[in-house]
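This is start-v7.pdb. It holds PDB, C-alpha atoms, pLDDT in the B column.
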```pdb
ATOM      1  CA  MET A  23      -4.204  28.480  30.666  1.00 64.00           C
ATOM      2  CA  LYS A  24      -5.895  25.280  31.843  1.00 62.00           C
ATOM      3  CA  ARG A  25      -8.473  25.680  29.095  1.00 64.00           C
ATOM      4  CA  VAL A  26      -5.754  25.916  26.412  1.00 59.00           C
ATOM      5  CA  ILE A  27      -4.082  22.755  27.706  1.00 63.00           C
ATOM      6  CA  LEU A  28      -7.435  20.943  27.811  1.00 56.00           C
ATOM      7  CA  VAL A  29      -8.213  21.958  24.219  1.00 56.00           C
ATOM      8  CA  ALA A  30      -4.738  20.881  23.071  1.00 58.00           C
ATOM      9  CA  LEU A  31      -5.151  17.483  24.767  1.00 59.00           C
ATOM     10  CA  CYS A  32      -8.571  17.012  23.149  1.00 57.00           C
ATOM     11  CA  ILE A  33      -7.152  17.789  19.705  1.00 61.00           C
ATOM     12  CA  LEU A  34      -4.256  15.402  20.293  1.00 53.00           C
ATOM     13  CA  ALA A  35      -6.625  12.645  21.448  1.00 56.00           C
ATOM     14  CA  GLN A  36      -8.777  13.115  18.319  1.00 58.00           C
ATOM     15  CA  ALA A  37      -5.715  13.003  16.056  1.00 51.00           C
ATOM     16  CA  ILE A  38      -4.443   9.810  17.671  1.00 52.00           C
ATOM     17  CA  GLY A  39      -7.902   8.264  17.623  1.00 48.00           C
ATOM     18  CA  SER A  40      -8.510   9.089  13.948  1.00 42.00           C
ATOM     19  CA  ALA A  41      -5.074   7.769  12.964  1.00 41.00           C
ATOM     20  CA  SER A  42      -5.769   4.431  14.607  1.00 40.00           C
ATOM     21  CA  TRP A  43      -9.140   4.215  12.846  1.00 42.00           C
ATOM     22  CA  ALA A  44      -7.521   4.980   9.503  1.00 43.00           C
ATOM     23  CA  PHE A  45      -5.228   1.976   9.779  1.00 49.00           C
ATOM     24  CA  ALA A  46      -7.669  -0.443  11.466  1.00 50.00           C
ATOM     25  CA  ASP A  47      -8.341  -2.349   8.227  1.00 55.00           C
ATOM     26  CA  ASP A  48      -4.622  -2.739   7.555  1.00 54.00           C
ATOM     27  CA  LEU A  49      -3.960  -3.999  11.071  1.00 49.00           C
ATOM     28  CA  ALA A  50      -6.820  -6.478  10.853  1.00 53.00           C
ATOM     29  CA  MET A  51      -5.521  -7.645   7.487  1.00 53.00           C
ATOM     30  CA  ALA A  52      -1.989  -8.017   8.842  1.00 53.00           C
ATOM     31  CA  ALA A  53      -3.297 -10.442  11.461  1.00 53.00           C
ATOM     32  CA  THR A  54      -4.543 -12.772   8.710  1.00 51.00           C
ATOM     33  CA  VAL A  55      -1.444 -12.612   6.503  1.00 48.00           C
ATOM     34  CA  ALA A  56       0.509 -15.818   5.913  1.00 43.00           C
ATOM     35  CA  SER A  57       4.043 -15.825   7.259  1.00 56.00           C
ATOM     36  CA  SER A  58       5.823 -16.314   3.925  1.00 73.00           C
ATOM     37  CA  SER A  59       6.309 -13.498   1.467  1.00 87.00           C
ATOM     38  CA  HIS A  60       6.543 -13.641  -2.312  1.00 94.00           C
ATOM     39  CA  THR A  61       8.745 -11.628  -4.654  1.00 95.00           C
ATOM     40  CA  ILE A  62       8.341 -10.528  -8.255  1.00 95.00           C
ATOM     41  CA  LEU A  63      11.631  -9.374  -9.776  1.00 95.00           C
ATOM     42  CA  GLY A  64      11.498  -7.298 -12.955  1.00 96.00           C
ATOM     43  CA  GLY A  65       7.723  -7.513 -13.293  1.00 97.00           C
ATOM     44  CA  VAL A  66       5.806  -5.195 -15.608  1.00 98.00           C
ATOM     45  CA  VAL A  67       2.850  -3.141 -14.353  1.00 97.00           C
ATOM     46  CA  LYS A  68      -0.193  -4.084 -16.427  1.00 98.00           C
ATOM     47  CA  SER A  69      -2.709  -1.816 -14.703  1.00 97.00           C
ATOM     48  CA  VAL A  70      -3.022   0.580 -11.796  1.00 96.00           C
ATOM     49  CA  SER A  71      -6.184   1.632  -9.977  1.00 94.00           C
ATOM     50  CA  TRP A  72      -6.201   3.820  -6.902  1.00 90.00           C
ATOM     51  CA  ALA A  73      -8.762   3.874  -4.113  1.00 90.00           C
ATOM     52  CA  ASP A  74     -11.971   5.818  -4.553  1.00 88.00           C
ATOM     53  CA  GLN A  75     -14.022   6.121  -1.381  1.00 87.00           C
ATOM     54  CA  THR A  76     -17.095   7.260  -3.274  1.00 90.00           C
ATOM     55  CA  LYS A  77     -17.085   4.008  -5.270  1.00 90.00           C
ATOM     56  CA  GLY A  78     -15.844   1.863  -2.382  1.00 89.00           C
ATOM     57  CA  THR A  79     -12.801   0.634  -4.307  1.00 89.00           C
ATOM     58  CA  LYS A  80      -9.322  -0.095  -2.951  1.00 93.00           C
ATOM     59  CA  SER A  81      -5.902   0.578  -4.464  1.00 94.00           C
ATOM     60  CA  GLU A  82      -4.594  -2.256  -6.611  1.00 96.00           C
ATOM     61  CA  ILE A  83      -1.910  -2.912  -9.191  1.00 97.00           C
ATOM     62  CA  VAL A  84      -1.645  -5.845 -11.560  1.00 97.00           C
ATOM     63  CA  VAL A  85       1.923  -6.971 -12.265  1.00 98.00           C
ATOM     64  CA  ILE A  86       2.950  -9.471 -14.934  1.00 97.00           C
ATOM     65  CA  ASP A  87       5.608 -11.799 -13.465  1.00 95.00           C
ATOM     66  CA  ALA A  88       8.428 -13.645 -15.284  1.00 94.00           C
ATOM     67  CA  ALA A  89       6.058 -16.508 -16.153  1.00 95.00           C
ATOM     68  CA  LYS A  90       3.725 -13.963 -17.875  1.00 96.00           C
ATOM     69  CA  LYS A  91       1.136 -14.499 -15.136  1.00 97.00           C
ATOM     70  CA  PRO A  92      -0.847 -11.462 -13.916  1.00 97.00           C
ATOM     71  CA  ILE A  93      -0.651 -10.992 -10.137  1.00 97.00           C
ATOM     72  CA  HIS A  94      -3.227  -8.698  -8.496  1.00 97.00           C
ATOM     73  CA  ILE A  95      -1.703  -6.834  -5.548  1.00 96.00           C
ATOM     74  CA  LEU A  96      -3.627  -4.749  -3.026  1.00 96.00           C
ATOM     75  CA  VAL A  97      -1.807  -1.519  -2.152  1.00 95.00           C
ATOM     76  CA  THR A  98      -2.485  -0.395   1.426  1.00 93.00           C
ATOM     77  CA  SER A  99      -1.329   2.515   3.568  1.00 91.00           C
ATOM     78  CA  THR A 100       1.471   0.287   4.865  1.00 93.00           C
ATOM     79  CA  THR A 101       2.819  -0.611   1.408  1.00 95.00           C
ATOM     80  CA  THR A 102       6.137   1.165   0.802  1.00 96.00           C
ATOM     81  CA  LEU A 103       6.618   2.692  -2.643  1.00 96.00           C
ATOM     82  CA  TRP A 104      10.148   3.408  -3.952  1.00 95.00           C
ATOM     83  CA  ASP A 105      11.708   4.880  -7.061  1.00 95.00           C
ATOM     84  CA  SER A 106      14.875   3.508  -8.661  1.00 92.00           C
ATOM     85  CA  ASP A 107      17.023   5.640  -6.307  1.00 93.00           C
ATOM     86  CA  ALA A 108      15.331   4.085  -3.230  1.00 91.00           C
ATOM     87  CA  LYS A 109      13.472   7.313  -2.423  1.00 95.00           C
ATOM     88  CA  ALA A 110       9.880   7.176  -1.238  1.00 95.00           C
ATOM     89  CA  ILE A 111       7.331   8.120  -3.890  1.00 94.00           C
ATOM     90  CA  MET A 112       3.639   8.841  -4.120  1.00 91.00           C
ATOM     91  CA  PRO A 113       1.329   6.276  -5.757  1.00 89.00           C
ATOM     92  CA  ASP A 114       0.803   8.408  -8.881  1.00 89.00           C
ATOM     93  CA  LYS A 115       4.438   7.701  -9.878  1.00 93.00           C
ATOM     94  CA  ILE A 116       3.630   4.045 -10.577  1.00 94.00           C
ATOM     95  CA  LEU A 117       2.578   3.908 -14.213  1.00 95.00           C
ATOM     96  CA  THR A 118       1.526   1.117 -16.536  1.00 96.00           C
ATOM     97  CA  LYS A 119       4.385  -0.615 -18.387  1.00 96.00           C
ATOM     98  CA  ALA A 120       6.846   0.313 -15.616  1.00 96.00           C
ATOM     99  CA  LYS A 121       9.290  -2.402 -14.552  1.00 97.00           C
ATOM    100  CA  VAL A 122       9.031  -3.125 -10.836  1.00 97.00           C
ATOM    101  CA  ASN A 123      10.238  -5.352  -8.044  1.00 97.00           C
ATOM    102  CA  VAL A 124       7.405  -6.309  -5.705  1.00 97.00           C
ATOM    103  CA  ILE A 125       7.364  -7.998  -2.316  1.00 96.00           C
ATOM    104  CA  TYR A 126       3.913  -9.094  -1.223  1.00 96.00           C
ATOM    105  CA  LEU A 127       2.182 -11.308   1.316  1.00 95.00           C
ATOM    106  CA  THR A 128      -0.786 -13.570   0.660  1.00 93.00           C
ATOM    107  CA  THR A 129      -3.602 -13.702   3.227  1.00 91.00           C
ATOM    108  CA  THR A 130      -5.339 -16.906   4.220  1.00 88.00           C
ATOM    109  CA  GLU A 131      -8.207 -15.716   2.004  1.00 88.00           C
ATOM    110  CA  GLY A 132      -5.850 -15.575  -0.992  1.00 90.00           C
ATOM    111  CA  ILE A 133      -5.524 -11.780  -1.171  1.00 92.00           C
ATOM    112  CA  ASN A 134      -2.078 -10.492  -2.197  1.00 95.00           C
ATOM    113  CA  VAL A 135      -1.128  -7.504  -0.035  1.00 95.00           C
ATOM    114  CA  GLY A 136       1.772  -5.346  -1.204  1.00 96.00           C
ATOM    115  CA  LYS A 137       4.612  -4.901   1.237  1.00 96.00           C
ATOM    116  CA  SER A 138       7.065  -3.061  -1.037  1.00 96.00           C
ATOM    117  CA  ILE A 139       6.956  -1.856  -4.642  1.00 97.00           C
ATOM    118  CA  LYS A 140      10.123  -0.485  -6.253  1.00 97.00           C
ATOM    119  CA  ILE A 141      10.252   1.050  -9.724  1.00 96.00           C
ATOM    120  CA  LEU A 142      13.278  -0.069 -11.750  1.00 95.00           C
ATOM    121  CA  LYS A 143      15.215   2.015 -14.285  1.00 86.00           C
TER
END
```
How does the structure come out when it is put into structure tokens?
Amino acid sequence: MKRVILVALCILAQAIGSASWAFADDLAMAATVASSSHTILGGVVKSVSWADQTKGTKSEIVVIDAAKKPIHILVTSTTTLWDSDAKAIMPDKILTKAKVNVIYLTTTEGINVGKSIKILK
């Protein structure tokens, strides 16, 4: 019985440890984020690229704002993604030419980090 409990605790410790490692980059990035957020209302998705660990790329979308300016936005594990009914969605639901509302933060290095992306009808 003690052995089963020990094994269960080891598995739990590994799960907690791996989860904290998975989000370490996001937490480090959050520490460098400026305090003010920016909003794009009714923007149009120009391009979407999702992370590929084999190539070392990160997830990013490019949204055209009301002034027709392309804004590059990094999508992290802490970015919330919503459909038009305010239900959580997976990243593959965000397609080019979709109208979106975006809330993002800009780091001191000038990187735009997505906080929330909502697809509009």
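The environment of Glu82 (chain A) within 8 Å, counting only C-alpha atoms and disregarding residues fewer than 3 places along the same chain, consists of Val70, Ser71, Trp72, Ala73, His94, Ile95, Leu96 and Val97 of chain A.
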Close residues, Val84 (chain A) itself excluded, 6 Å, all atoms listed in the file, min 5 positions apart in chain, as a PyMOL selection string:
chain A and resi 67-69+93-94
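Interatomic distance, CA of Lys115 (chain A) to CA of Ile141 (chain A): 8.8 Å.
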Might you spell out which residues the PyMOL selection byres ((chain A and resi 116) around 10) would select in the displayed file, as a PyMOL selection string?
chain A and resi 67+69-70+83+103-105+111-115+117-122+139-141
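Our summary of the geometry notes that CA of Gln75 (chain A) is positioned 14.1 Å from CA of Ser99 (chain A).
Atom pair CA of Leu63 (chain A) / CA of Ile125 (chain A): separated by 8.7 Å.
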Rebuild region 71-89 of chain A so that it carries N, CA, C and O atoms, then output the result as a short mmCIF file (atom, residue, chain, number, x, y, z; two decimals), in the coordinates of the input.
```
data_model
loop_
_atom_site.label_atom_id
_atom_site.label_comp_id
_atom_site.auth_asym_id
_atom_site.auth_seq_id
_atom_site.Cartn_x
_atom_site.Cartn_y
_atom_site.Cartn_z
N SER A 71 -4.93 0.95 -10.36
CA SER A 71 -6.18 1.63 -9.98
C SER A 71 -6.06 2.04 -8.52
O SER A 71 -5.67 1.24 -7.68
N TRP A 72 -6.35 3.30 -8.25
CA TRP A 72 -6.20 3.82 -6.90
C TRP A 72 -7.56 3.93 -6.23
O TRP A 72 -8.59 4.03 -6.88
N ALA A 73 -7.54 3.89 -4.92
CA ALA A 73 -8.76 3.87 -4.11
C ALA A 73 -9.66 5.07 -4.41
O ALA A 73 -9.20 6.17 -4.67
N ASP A 74 -10.95 4.79 -4.39
CA ASP A 74 -11.97 5.82 -4.55
C ASP A 74 -13.05 5.54 -3.51
O ASP A 74 -13.83 4.60 -3.66
N GLN A 75 -13.07 6.35 -2.47
CA GLN A 75 -14.02 6.12 -1.38
C GLN A 75 -15.46 6.24 -1.83
O GLN A 75 -16.33 5.56 -1.31
N THR A 76 -15.72 7.10 -2.81
CA THR A 76 -17.10 7.26 -3.27
C THR A 76 -17.61 6.00 -3.97
O THR A 76 -18.79 5.70 -3.93
N LYS A 77 -16.70 5.25 -4.60
CA LYS A 77 -17.08 4.01 -5.27
C LYS A 77 -16.84 2.79 -4.40
O LYS A 77 -17.24 1.68 -4.75
N GLY A 78 -16.15 2.98 -3.27
CA GLY A 78 -15.84 1.86 -2.38
C GLY A 78 -14.76 0.94 -2.91
O GLY A 78 -14.73 -0.23 -2.55
N THR A 79 -13.87 1.47 -3.76
CA THR A 79 -12.80 0.63 -4.31
C THR A 79 -11.50 0.83 -3.52
O THR A 79 -11.31 1.85 -2.87
N LYS A 80 -10.63 -0.16 -3.62
CA LYS A 80 -9.32 -0.10 -2.95
C LYS A 80 -8.23 0.05 -4.00
O LYS A 80 -8.46 -0.20 -5.18
N SER A 81 -7.04 0.43 -3.55
CA SER A 81 -5.90 0.58 -4.46
C SER A 81 -5.35 -0.80 -4.83
O SER A 81 -5.16 -1.65 -3.97
N GLU A 82 -5.10 -0.98 -6.14
CA GLU A 82 -4.59 -2.26 -6.61
C GLU A 82 -3.73 -2.05 -7.84
O GLU A 82 -4.00 -1.18 -8.66
N ILE A 83 -2.67 -2.87 -7.95
CA ILE A 83 -1.91 -2.91 -9.19
C ILE A 83 -1.91 -4.35 -9.67
O ILE A 83 -2.02 -5.29 -8.88
N VAL A 84 -1.80 -4.52 -10.97
CA VAL A 84 -1.64 -5.84 -11.56
C VAL A 84 -0.26 -5.87 -12.20
O VAL A 84 0.06 -5.01 -13.02
N VAL A 85 0.55 -6.84 -11.78
CA VAL A 85 1.92 -6.97 -12.26
C VAL A 85 2.05 -8.30 -13.00
O VAL A 85 1.60 -9.33 -12.51
N ILE A 86 2.67 -8.26 -14.17
CA ILE A 86 2.95 -9.47 -14.93
C ILE A 86 4.31 -9.99 -14.46
O ILE A 86 5.31 -9.28 -14.56
N ASP A 87 4.35 -11.24 -13.96
CA ASP A 87 5.61 -11.80 -13.46
C ASP A 87 6.40 -12.43 -14.60
O ASP A 87 6.00 -12.38 -15.77
N ALA A 88 7.54 -13.05 -14.28
CA ALA A 88 8.43 -13.64 -15.28
C ALA A 88 7.75 -14.76 -16.08
O ALA A 88 8.09 -15.00 -17.23
N ALA A 89 6.78 -15.43 -15.47
CA ALA A 89 6.06 -16.51 -16.15
C ALA A 89 4.87 -15.97 -16.96
O ALA A 89 4.02 -16.73 -17.39
#
```
